[in-house]
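Notes to accompany the following structure.
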Amino acid sequence: RGVPGRIQAAAGGGGRGIRVAADLDEFTRQFPQASAEAAAAFGDGGLYIEKAVLAARHVEVQILGDGKNFVHCFERECSLQRRRQKVWEEAPAVGLPATVRRKLCDSAVALARSVGYSGAGTVEYLYDEASQAFYFLEVNTRIQVEHPVTEMITGVDLVQEMLRIAGGEPLSVRQEDVSILGHAIECRINAEDPARNFMPWPGVVSKLAVPDGEGVRFDTMLFDGYSVPPFYDSLLGKLVVHGTDRSDCLAKLRASLQSLKIEGIPTTIPLHAALAGDADVVAGAFHTRFLEGWLETKFQVPMQDDSAKEAAQ
């Protein structure tokens, strides 16, 4: 009974300590693996078990609270994932019915109010598109990597609000002040080689060219000659594009990815360029398991610049 089931680390998130078991035999195999991974990542091998929602969407709601007042800044779609790590995020969620959006956002605000939440936070859910049911995952009690897409569609500076709240000031925005304007997509550009199973790839950035223009933002620490160290997360930058609607946003994204150049090391720019032109992605027909299947069947890995070729040899 209760399969397929999802095994989840109790002490942390970020895609670690998670397994999905289709039957009891697989559950017996997967449980100790998940516990060991959780212990290594969080120092705690404790797990809990819940219903597995297959072909789910990962939808999360941005909240702000000052302990007395609470607002949401609508939702983000984070369903394009590899190994349960987010690769591409957008706001608002693709094809989410207005009634579900309202229930999701109200649920997140109610949770924040129930604990007197103070700060910026994200309430994460799995959404079953077929039944229009959603299931609580976790709360990230911090600013997140994907926060810029929310800033782009709402005009709310989430980092500024977080710092103001931390300084003891009340929220400067009311719920009626927050609305959705257009569509935004963020691509996580990593120092990873898609041709070698996304192996992290430290090295020297020999040339950097960053796209610009209205609605285009590239958050990064890179510069010509920057040496990417092997000790940290492989994230190099976040390309964020805002358009009047999703179609306009995708067109801007494709142009921006073509203009973005990070030479000297392999990166995931070709992955995002391929995703931005994929018919299923353009149609919004994806879920949390979509990307890994797509990588196996549809992604043709292009060889990147000559300096990356030499490094690979």
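By order of appearance in the structure tokens: chains A, B, ..., then residues from 1 within every chain, and ligands from 1 in the order shown.
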Mind running stretch 39-68 of chain A against stretch 77-80 of chain A at 6 Å and telling me each contacting residue's nearest atom pair with the distance in Å (one decimal), counting only C-alpha atoms, chain and number ascending, as JSON lines?
{"residue": "A:Arg57", "atom": "CA", "partner": "A:Ser79", "partner_atom": "CA", "distance": 5.3}
{"residue": "A:His58", "atom": "CA", "partner": "A:Ser79", "partner_atom": "CA", "distance": 4.7}
{"residue": "A:Val59", "atom": "CA", "partner": "A:Glu77", "partner_atom": "CA", "distance": 4.8}
How would the residues just picked look written out with all heavy atoms as a PDB file, in the first residue's frame?
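Written output follows (again-v4.pdb):
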ATOM      1  N   ARG A  57       4.288  19.267 -11.189  1.00  0.00           N
ATOM      2  CA  ARG A  57       4.931  20.555 -11.401  1.00  0.00           C
ATOM      3  C   ARG A  57       5.458  21.042 -10.059  1.00  0.00           C
ATOM      4  O   ARG A  57       4.840  20.805  -9.019  1.00  0.00           O
ATOM      5  CB  ARG A  57       3.932  21.585 -11.947  1.00  0.00           C
ATOM      6  CG  ARG A  57       3.138  21.138 -13.178  1.00  0.00           C
ATOM      7  CD  ARG A  57       3.959  21.135 -14.442  1.00  0.00           C
ATOM      8  NE  ARG A  57       4.174  22.457 -14.970  1.00  0.00           N
ATOM      9  CZ  ARG A  57       3.606  22.914 -16.101  1.00  0.00           C
ATOM     10  NH1 ARG A  57       2.776  22.159 -16.777  1.00  0.00           N
ATOM     11  NH2 ARG A  57       3.894  24.121 -16.551  1.00  0.00           N
ATOM     12  N   HIS A  58       6.597  21.714 -10.093  1.00  0.00           N
ATOM     13  CA  HIS A  58       7.159  22.305  -8.882  1.00  0.00           C
ATOM     14  C   HIS A  58       6.817  23.792  -8.917  1.00  0.00           C
ATOM     15  O   HIS A  58       7.355  24.550  -9.723  1.00  0.00           O
ATOM     16  CB  HIS A  58       8.673  22.098  -8.842  1.00  0.00           C
ATOM     17  CG  HIS A  58       9.323  22.559  -7.576  1.00  0.00           C
ATOM     18  ND1 HIS A  58      10.209  21.792  -6.869  1.00  0.00           N
ATOM     19  CD2 HIS A  58       9.217  23.713  -6.882  1.00  0.00           C
ATOM     20  CE1 HIS A  58      10.616  22.453  -5.798  1.00  0.00           C
ATOM     21  NE2 HIS A  58      10.022  23.636  -5.798  1.00  0.00           N
ATOM     22  N   VAL A  59       5.903  24.189  -8.035  1.00  0.00           N
ATOM     23  CA  VAL A  59       5.442  25.578  -7.985  1.00  0.00           C
ATOM     24  C   VAL A  59       5.678  26.105  -6.574  1.00  0.00           C
ATOM     25  O   VAL A  59       5.362  25.432  -5.584  1.00  0.00           O
ATOM     26  CB  VAL A  59       3.947  25.683  -8.353  1.00  0.00           C
ATOM     27  CG1 VAL A  59       3.480  27.135  -8.308  1.00  0.00           C
ATOM     28  CG2 VAL A  59       3.704  25.105  -9.744  1.00  0.00           C
TER      29      VAL A  59
END
Nearby residues (only C-alpha atoms) at most 7 Å from stretch 211-219 of chain A, same-chain spacing under 3 positions excluded, as a ChimeraX atom specification: /A:237-243,256,259-260
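Nearest to A:Ala130 of all the residues A:Cys249, A:Leu104, A:Leu96, A:Gly225 is A:Leu96, based on only C-alpha atoms.
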Using only C-alpha atoms, which residue out of A:Ser131, A:Gln300, A:Gln144, A:Ser227 lies closest to A:Ala55? A:Ser131
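The gap separating atom CA of A:Glu60 from atom CA of A:Leu111 is 13.2 Å, in Å to one decimal.
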What separation in Å, quoted to one decimal, exists between atom CA of A:Tyr125 and atom CA of A:Val61? 8.2 Å
With distances taken over only C-alpha atoms, which residue among A:Phe74, A:Phe31, A:Phe290, A:Phe42 lies nearest A:Met152? A:Phe74
Find the spatial neighbours of A:Ala34, counting only C-alpha atoms, within a cut-off of 9 Å - ignore same-chain residues fewer than 5 positions away - and output them as a ChimeraX atom specification. /A:7-9,16-19,39,45,47
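Atom CA of A:Lys51 to atom CA of A:Glu90 spans 25.9 Å [interatomic distance, one decimal].
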Need to verify the contact set: A:Val109, 12 Å, only C-alpha atoms, exclusion of same-chain residues closer than 5 positions in sequence. Can you return it as a PyMOL selection string? chain A and resi 61-65+67-75+102-104+114-118+120-123+139+175
Resulting file, chosen residues, N, CA, C and O atoms, as an mmCIF file, in the first residue's frame:
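Written out: again_3.cif:
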data_model
loop_
_atom_site.group_PDB
_atom_site.id
_atom_site.type_symbol
_atom_site.label_atom_id
_atom_site.label_comp_id
_atom_site.auth_asym_id
_atom_site.auth_seq_id
_atom_site.Cartn_x
_atom_site.Cartn_y
_atom_site.Cartn_z
ATOM 1 N N VAL A 61 5.697 29.713 -3.872
ATOM 2 C CA VAL A 61 5.133 31.038 -3.644
ATOM 3 C C VAL A 61 6.108 31.878 -2.831
ATOM 4 O O VAL A 61 6.599 31.455 -1.774
ATOM 5 N N GLN A 62 6.397 33.070 -3.324
ATOM 6 C CA GLN A 62 7.255 34.016 -2.604
ATOM 7 C C GLN A 62 6.435 34.760 -1.560
ATOM 8 O O GLN A 62 5.391 35.326 -1.871
ATOM 9 N N ILE A 63 6.909 34.743 -0.316
ATOM 10 C CA ILE A 63 6.217 35.469 0.747
ATOM 11 C C ILE A 63 7.156 36.484 1.397
ATOM 12 O O ILE A 63 8.380 36.349 1.353
ATOM 13 N N LEU A 64 6.545 37.494 2.014
ATOM 14 C CA LEU A 64 7.244 38.465 2.846
ATOM 15 C C LEU A 64 6.410 38.670 4.105
ATOM 16 O O LEU A 64 5.180 38.757 4.029
ATOM 17 N N GLY A 65 7.085 38.761 5.244
ATOM 18 C CA GLY A 65 6.375 39.020 6.489
ATOM 19 C C GLY A 65 7.241 39.818 7.436
ATOM 20 O O GLY A 65 8.470 39.688 7.427
ATOM 21 N N GLY A 67 6.300 39.814 10.788
ATOM 22 C CA GLY A 67 5.832 39.321 12.074
ATOM 23 C C GLY A 67 4.384 39.665 12.362
ATOM 24 O O GLY A 67 3.723 38.993 13.151
ATOM 25 N N LYS A 68 3.891 40.725 11.688
ATOM 26 C CA LYS A 68 2.499 41.156 11.878
ATOM 27 C C LYS A 68 1.737 41.246 10.562
ATOM 28 O O LYS A 68 0.533 40.972 10.522
ATOM 29 N N ASN A 69 2.440 41.647 9.524
ATOM 30 C CA ASN A 69 1.827 41.799 8.205
ATOM 31 C C ASN A 69 2.487 40.822 7.234
ATOM 32 O O ASN A 69 3.710 40.605 7.295
ATOM 33 N N PHE A 70 1.676 40.289 6.321
ATOM 34 C CA PHE A 70 2.176 39.226 5.453
ATOM 35 C C PHE A 70 1.603 39.410 4.046
ATOM 36 O O PHE A 70 0.412 39.711 3.887
ATOM 37 N N VAL A 71 2.465 39.234 3.041
ATOM 38 C CA VAL A 71 2.018 39.326 1.650
ATOM 39 C C VAL A 71 2.681 38.216 0.845
ATOM 40 O O VAL A 71 3.726 37.669 1.235
ATOM 41 N N HIS A 72 2.090 37.898 -0.284
ATOM 42 C CA HIS A 72 2.746 37.029 -1.264
ATOM 43 C C HIS A 72 3.085 37.863 -2.489
ATOM 44 O O HIS A 72 2.456 38.907 -2.748
ATOM 45 N N CYS A 73 4.094 37.422 -3.224
ATOM 46 C CA CYS A 73 4.464 38.055 -4.491
ATOM 47 C C CYS A 73 4.263 37.071 -5.638
ATOM 48 O O CYS A 73 5.091 36.961 -6.550
ATOM 49 N N PHE A 74 3.183 36.315 -5.538
ATOM 50 C CA PHE A 74 2.789 35.336 -6.531
ATOM 51 C C PHE A 74 3.782 34.174 -6.596
ATOM 52 O O PHE A 74 4.607 34.010 -5.701
ATOM 53 N N GLU A 75 3.684 33.401 -7.651
ATOM 54 C CA GLU A 75 4.375 32.104 -7.678
ATOM 55 C C GLU A 75 5.431 32.039 -8.777
ATOM 56 O O GLU A 75 5.434 32.851 -9.711
ATOM 57 N N ARG A 102 -4.789 31.450 -6.766
ATOM 58 C CA ARG A 102 -5.320 32.124 -5.573
ATOM 59 C C ARG A 102 -5.223 31.216 -4.343
ATOM 60 O O ARG A 102 -4.809 31.659 -3.267
ATOM 61 N N LYS A 103 -5.588 29.943 -4.500
ATOM 62 C CA LYS A 103 -5.529 29.013 -3.375
ATOM 63 C C LYS A 103 -4.091 28.791 -2.903
ATOM 64 O O LYS A 103 -3.811 28.748 -1.699
ATOM 65 N N LEU A 104 -3.159 28.654 -3.859
ATOM 66 C CA LEU A 104 -1.747 28.471 -3.520
ATOM 67 C C LEU A 104 -1.222 29.664 -2.728
ATOM 68 O O LEU A 104 -0.594 29.504 -1.670
ATOM 69 N N SER A 114 0.423 32.029 10.469
ATOM 70 C CA SER A 114 0.257 31.097 11.592
ATOM 71 C C SER A 114 1.493 31.007 12.476
ATOM 72 O O SER A 114 1.398 30.657 13.652
ATOM 73 N N VAL A 115 2.667 31.336 11.910
ATOM 74 C CA VAL A 115 3.904 31.260 12.693
ATOM 75 C C VAL A 115 4.504 32.642 12.959
ATOM 76 O O VAL A 115 5.610 32.745 13.490
ATOM 77 N N GLY A 116 3.788 33.700 12.558
ATOM 78 C CA GLY A 116 4.322 35.045 12.751
ATOM 79 C C GLY A 116 5.609 35.261 11.994
ATOM 80 O O GLY A 116 6.565 35.849 12.512
ATOM 81 N N TYR A 117 5.646 34.821 10.743
ATOM 82 C CA TYR A 117 6.886 34.805 9.965
ATOM 83 C C TYR A 117 7.462 36.211 9.777
ATOM 84 O O TYR A 117 6.728 37.174 9.523
ATOM 85 N N SER A 118 8.780 36.295 9.844
ATOM 86 C CA SER A 118 9.473 37.564 9.651
ATOM 87 C C SER A 118 10.625 37.366 8.672
ATOM 88 O O SER A 118 11.531 36.574 8.938
ATOM 89 N N ALA A 120 11.975 37.303 4.256
ATOM 90 C CA ALA A 120 11.583 36.777 2.946
ATOM 91 C C ALA A 120 11.600 35.261 3.027
ATOM 92 O O ALA A 120 12.431 34.669 3.724
ATOM 93 N N GLY A 121 10.697 34.625 2.326
ATOM 94 C CA GLY A 121 10.645 33.169 2.351
ATOM 95 C C GLY A 121 9.938 32.622 1.125
ATOM 96 O O GLY A 121 9.279 33.364 0.387
ATOM 97 N N THR A 122 10.088 31.329 0.930
ATOM 98 C CA THR A 122 9.445 30.660 -0.197
ATOM 99 C C THR A 122 8.748 29.409 0.291
ATOM 100 O O THR A 122 9.372 28.563 0.951
ATOM 101 N N VAL A 123 7.464 29.297 -0.018
ATOM 102 C CA VAL A 123 6.692 28.107 0.325
ATOM 103 C C VAL A 123 6.601 27.254 -0.943
ATOM 104 O O VAL A 123 6.062 27.710 -1.958
ATOM 105 N N VAL A 139 9.378 25.010 3.429
ATOM 106 C CA VAL A 139 9.562 26.463 3.406
ATOM 107 C C VAL A 139 11.056 26.750 3.427
ATOM 108 O O VAL A 139 11.778 26.245 4.289
ATOM 109 N N GLN A 175 -0.677 43.909 0.075
ATOM 110 C CA GLN A 175 -1.045 42.922 -0.934
ATOM 111 C C GLN A 175 -1.640 43.574 -2.183
ATOM 112 O O GLN A 175 -1.348 43.165 -3.310
#
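Using only C-alpha atoms, the residues found no farther than 7 Å from stretch 267-276 of chain A, other than those of its own chain fewer than 6 positions away, are Cys187, Ile189, Asn190, Ala191, Glu192, Asp193, Pro194, Leu250, Arg254, Leu257 and Val282 of chain A.
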N, CA and C atoms of the current selection, written as an mmCIF file, in the first residue's frame:
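Listed below is the output, part26.cif:
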data_model
loop_
_atom_site.group_PDB
_atom_site.id
_atom_site.type_symbol
_atom_site.label_atom_id
_atom_site.label_comp_id
_atom_site.auth_asym_id
_atom_site.auth_seq_id
_atom_site.Cartn_x
_atom_site.Cartn_y
_atom_site.Cartn_z
ATOM 1 N N CYS A 187 17.625 31.516 -16.344
ATOM 2 C CA CYS A 187 18.456 30.356 -16.670
ATOM 3 C C CYS A 187 19.682 30.365 -15.766
ATOM 4 N N ILE A 189 23.259 29.573 -15.311
ATOM 5 C CA ILE A 189 24.422 29.281 -16.147
ATOM 6 C C ILE A 189 25.521 28.720 -15.243
ATOM 7 N N ASN A 190 25.846 27.452 -15.451
ATOM 8 C CA ASN A 190 26.811 26.751 -14.594
ATOM 9 C C ASN A 190 28.091 26.429 -15.339
ATOM 10 N N ALA A 191 29.186 26.313 -14.580
ATOM 11 C CA ALA A 191 30.457 25.844 -15.122
ATOM 12 C C ALA A 191 30.425 24.317 -15.117
ATOM 13 N N GLU A 192 29.668 23.771 -16.062
ATOM 14 C CA GLU A 192 29.491 22.322 -16.187
ATOM 15 C C GLU A 192 29.545 21.963 -17.657
ATOM 16 N N ASP A 193 30.002 20.756 -17.956
ATOM 17 C CA ASP A 193 30.116 20.310 -19.341
ATOM 18 C C ASP A 193 28.976 19.355 -19.667
ATOM 19 N N PRO A 194 27.975 19.782 -20.441
ATOM 20 C CA PRO A 194 26.876 18.891 -20.796
ATOM 21 C C PRO A 194 27.331 17.657 -21.564
ATOM 22 N N LEU A 250 10.335 34.389 -24.199
ATOM 23 C CA LEU A 250 11.141 33.330 -24.822
ATOM 24 C C LEU A 250 11.946 33.866 -26.004
ATOM 25 N N ARG A 254 16.014 33.684 -26.153
ATOM 26 C CA ARG A 254 16.807 33.073 -27.220
ATOM 27 C C ARG A 254 17.862 34.049 -27.744
ATOM 28 N N LEU A 257 20.628 34.500 -24.991
ATOM 29 C CA LEU A 257 21.518 33.343 -24.895
ATOM 30 C C LEU A 257 22.505 33.320 -26.053
ATOM 31 N N VAL A 282 8.352 25.365 -25.063
ATOM 32 C CA VAL A 282 7.629 26.539 -25.550
ATOM 33 C C VAL A 282 6.135 26.410 -25.250
#
Would you pick out the contacts of A:Met162 at 7 Å or less, using only C-alpha atoms, so that residues sharing its chain but fewer than 4 positions from it are not included, and give the list as JSON, numbers by chain? {"A": [119, 120, 158, 166]}
Per-residue DSSP, stretch 140-251 of chain A, filtered to helix (DSSP H, G or I), as a ChimeraX atom specification: /A:147-154,158-166,175-177,194-196,246-251
Only N, CA and C atoms, please: the residues just picked out, written as a PDB file, in the first residue's frame.
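This went into result-v2.pdb:
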ATOM      1  N   HIS A 147      14.939  34.271  -7.100  1.00  0.00           N
ATOM      2  CA  HIS A 147      14.112  35.425  -6.719  1.00  0.00           C
ATOM      3  C   HIS A 147      14.003  36.516  -7.796  1.00  0.00           C
ATOM      4  N   PRO A 148      15.001  36.667  -8.715  1.00  0.00           N
ATOM      5  CA  PRO A 148      14.875  37.768  -9.682  1.00  0.00           C
ATOM      6  C   PRO A 148      13.652  37.685 -10.590  1.00  0.00           C
ATOM      7  N   VAL A 149      13.163  36.468 -10.909  1.00  0.00           N
ATOM      8  CA  VAL A 149      11.998  36.425 -11.795  1.00  0.00           C
ATOM      9  C   VAL A 149      10.783  37.043 -11.112  1.00  0.00           C
ATOM     10  N   THR A 150      10.683  36.876  -9.805  1.00  0.00           N
ATOM     11  CA  THR A 150       9.592  37.507  -9.060  1.00  0.00           C
ATOM     12  C   THR A 150       9.760  39.022  -9.051  1.00  0.00           C
ATOM     13  N   GLU A 151      10.988  39.479  -8.855  1.00  0.00           N
ATOM     14  CA  GLU A 151      11.240  40.925  -8.884  1.00  0.00           C
ATOM     15  C   GLU A 151      10.868  41.523 -10.234  1.00  0.00           C
ATOM     16  N   MET A 152      11.156  40.776 -11.311  1.00  0.00           N
ATOM     17  CA  MET A 152      10.894  41.295 -12.652  1.00  0.00           C
ATOM     18  C   MET A 152       9.400  41.456 -12.929  1.00  0.00           C
ATOM     19  N   ILE A 153       8.572  40.533 -12.439  1.00  0.00           N
ATOM     20  CA  ILE A 153       7.140  40.612 -12.769  1.00  0.00           C
ATOM     21  C   ILE A 153       6.332  41.450 -11.771  1.00  0.00           C
ATOM     22  N   THR A 154       6.900  41.707 -10.592  1.00  0.00           N
ATOM     23  CA  THR A 154       6.153  42.467  -9.586  1.00  0.00           C
ATOM     24  C   THR A 154       6.732  43.848  -9.314  1.00  0.00           C
ATOM     25  N   LEU A 158      12.993  42.298  -3.516  1.00  0.00           N
ATOM     26  CA  LEU A 158      12.869  41.349  -2.414  1.00  0.00           C
ATOM     27  C   LEU A 158      14.038  41.443  -1.439  1.00  0.00           C
ATOM     28  N   VAL A 159      15.230  41.665  -1.951  1.00  0.00           N
ATOM     29  CA  VAL A 159      16.401  41.767  -1.076  1.00  0.00           C
ATOM     30  C   VAL A 159      16.286  43.010  -0.193  1.00  0.00           C
ATOM     31  N   GLN A 160      15.860  44.107  -0.786  1.00  0.00           N
ATOM     32  CA  GLN A 160      15.673  45.330  -0.005  1.00  0.00           C
ATOM     33  C   GLN A 160      14.631  45.122   1.089  1.00  0.00           C
ATOM     34  N   GLU A 161      13.518  44.486   0.748  1.00  0.00           N
ATOM     35  CA  GLU A 161      12.471  44.232   1.742  1.00  0.00           C
ATOM     36  C   GLU A 161      12.992  43.343   2.865  1.00  0.00           C
ATOM     37  N   MET A 162      13.760  42.308   2.499  1.00  0.00           N
ATOM     38  CA  MET A 162      14.314  41.407   3.501  1.00  0.00           C
ATOM     39  C   MET A 162      15.217  42.152   4.474  1.00  0.00           C
ATOM     40  N   LEU A 163      16.049  43.044   3.949  1.00  0.00           N
ATOM     41  CA  LEU A 163      16.967  43.799   4.798  1.00  0.00           C
ATOM     42  C   LEU A 163      16.210  44.807   5.670  1.00  0.00           C
ATOM     43  N   ARG A 164      15.186  45.420   5.124  1.00  0.00           N
ATOM     44  CA  ARG A 164      14.399  46.364   5.914  1.00  0.00           C
ATOM     45  C   ARG A 164      13.722  45.653   7.085  1.00  0.00           C
ATOM     46  N   ILE A 165      13.158  44.483   6.805  1.00  0.00           N
ATOM     47  CA  ILE A 165      12.496  43.711   7.866  1.00  0.00           C
ATOM     48  C   ILE A 165      13.505  43.309   8.936  1.00  0.00           C
ATOM     49  N   ALA A 166      14.692  42.876   8.491  1.00  0.00           N
ATOM     50  CA  ALA A 166      15.734  42.478   9.446  1.00  0.00           C
ATOM     51  C   ALA A 166      16.156  43.650  10.326  1.00  0.00           C
ATOM     52  N   GLN A 175      -0.677  43.909   0.075  1.00  0.00           N
ATOM     53  CA  GLN A 175      -1.045  42.922  -0.934  1.00  0.00           C
ATOM     54  C   GLN A 175      -1.640  43.574  -2.183  1.00  0.00           C
ATOM     55  N   GLU A 176      -2.437  44.605  -1.990  1.00  0.00           N
ATOM     56  CA  GLU A 176      -3.058  45.256  -3.143  1.00  0.00           C
ATOM     57  C   GLU A 176      -2.047  45.994  -4.015  1.00  0.00           C
ATOM     58  N   ASP A 177      -0.815  46.184  -3.496  1.00  0.00           N
ATOM     59  CA  ASP A 177       0.224  46.848  -4.284  1.00  0.00           C
ATOM     60  C   ASP A 177       0.951  45.885  -5.217  1.00  0.00           C
ATOM     61  N   PRO A 194      27.975  19.782 -20.441  1.00  0.00           N
ATOM     62  CA  PRO A 194      26.876  18.891 -20.796  1.00  0.00           C
ATOM     63  C   PRO A 194      27.331  17.657 -21.564  1.00  0.00           C
ATOM     64  N   ALA A 195      28.472  17.738 -22.268  1.00  0.00           N
ATOM     65  CA  ALA A 195      28.983  16.603 -23.038  1.00  0.00           C
ATOM     66  C   ALA A 195      29.592  15.523 -22.155  1.00  0.00           C
ATOM     67  N   ARG A 196      29.854  15.856 -20.897  1.00  0.00           N
ATOM     68  CA  ARG A 196      30.463  14.890 -19.967  1.00  0.00           C
ATOM     69  C   ARG A 196      29.592  14.756 -18.718  1.00  0.00           C
ATOM     70  N   ARG A 246       4.744  35.374 -22.163  1.00  0.00           N
ATOM     71  CA  ARG A 246       5.731  34.285 -22.204  1.00  0.00           C
ATOM     72  C   ARG A 246       6.365  34.150 -23.589  1.00  0.00           C
ATOM     73  N   SER A 247       5.586  34.353 -24.624  1.00  0.00           N
ATOM     74  CA  SER A 247       6.121  34.252 -25.979  1.00  0.00           C
ATOM     75  C   SER A 247       7.196  35.316 -26.221  1.00  0.00           C
ATOM     76  N   ASP A 248       6.916  36.537 -25.827  1.00  0.00           N
ATOM     77  CA  ASP A 248       7.888  37.625 -25.960  1.00  0.00           C
ATOM     78  C   ASP A 248       9.116  37.345 -25.107  1.00  0.00           C
ATOM     79  N   CYS A 249       8.895  36.809 -23.915  1.00  0.00           N
ATOM     80  CA  CYS A 249       9.999  36.489 -23.009  1.00  0.00           C
ATOM     81  C   CYS A 249      10.915  35.435 -23.616  1.00  0.00           C
ATOM     82  N   LEU A 250      10.335  34.389 -24.199  1.00  0.00           N
ATOM     83  CA  LEU A 250      11.141  33.330 -24.822  1.00  0.00           C
ATOM     84  C   LEU A 250      11.946  33.866 -26.004  1.00  0.00           C
ATOM     85  N   ALA A 251      11.355  34.747 -26.785  1.00  0.00           N
ATOM     86  CA  ALA A 251      12.078  35.337 -27.914  1.00  0.00           C
ATOM     87  C   ALA A 251      13.274  36.143 -27.420  1.00  0.00           C
TER      88      ALA A 251
END
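The smallest atom-to-atom distance between A:Val210 and any of A:Gln258, A:Thr141, A:Thr99, A:Gln132, using only C-alpha atoms, is found for A:Gln258.
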Give the strand (DSSP E or B) residues of stretch 27-198 of chain A, as DSSP finds them on the backbone, and put them as an NGL selection string. :A and (47-51 or 57-66 or 70-82 or 85-91 or 118-128 or 133-140 or 183-190 or 192-193)
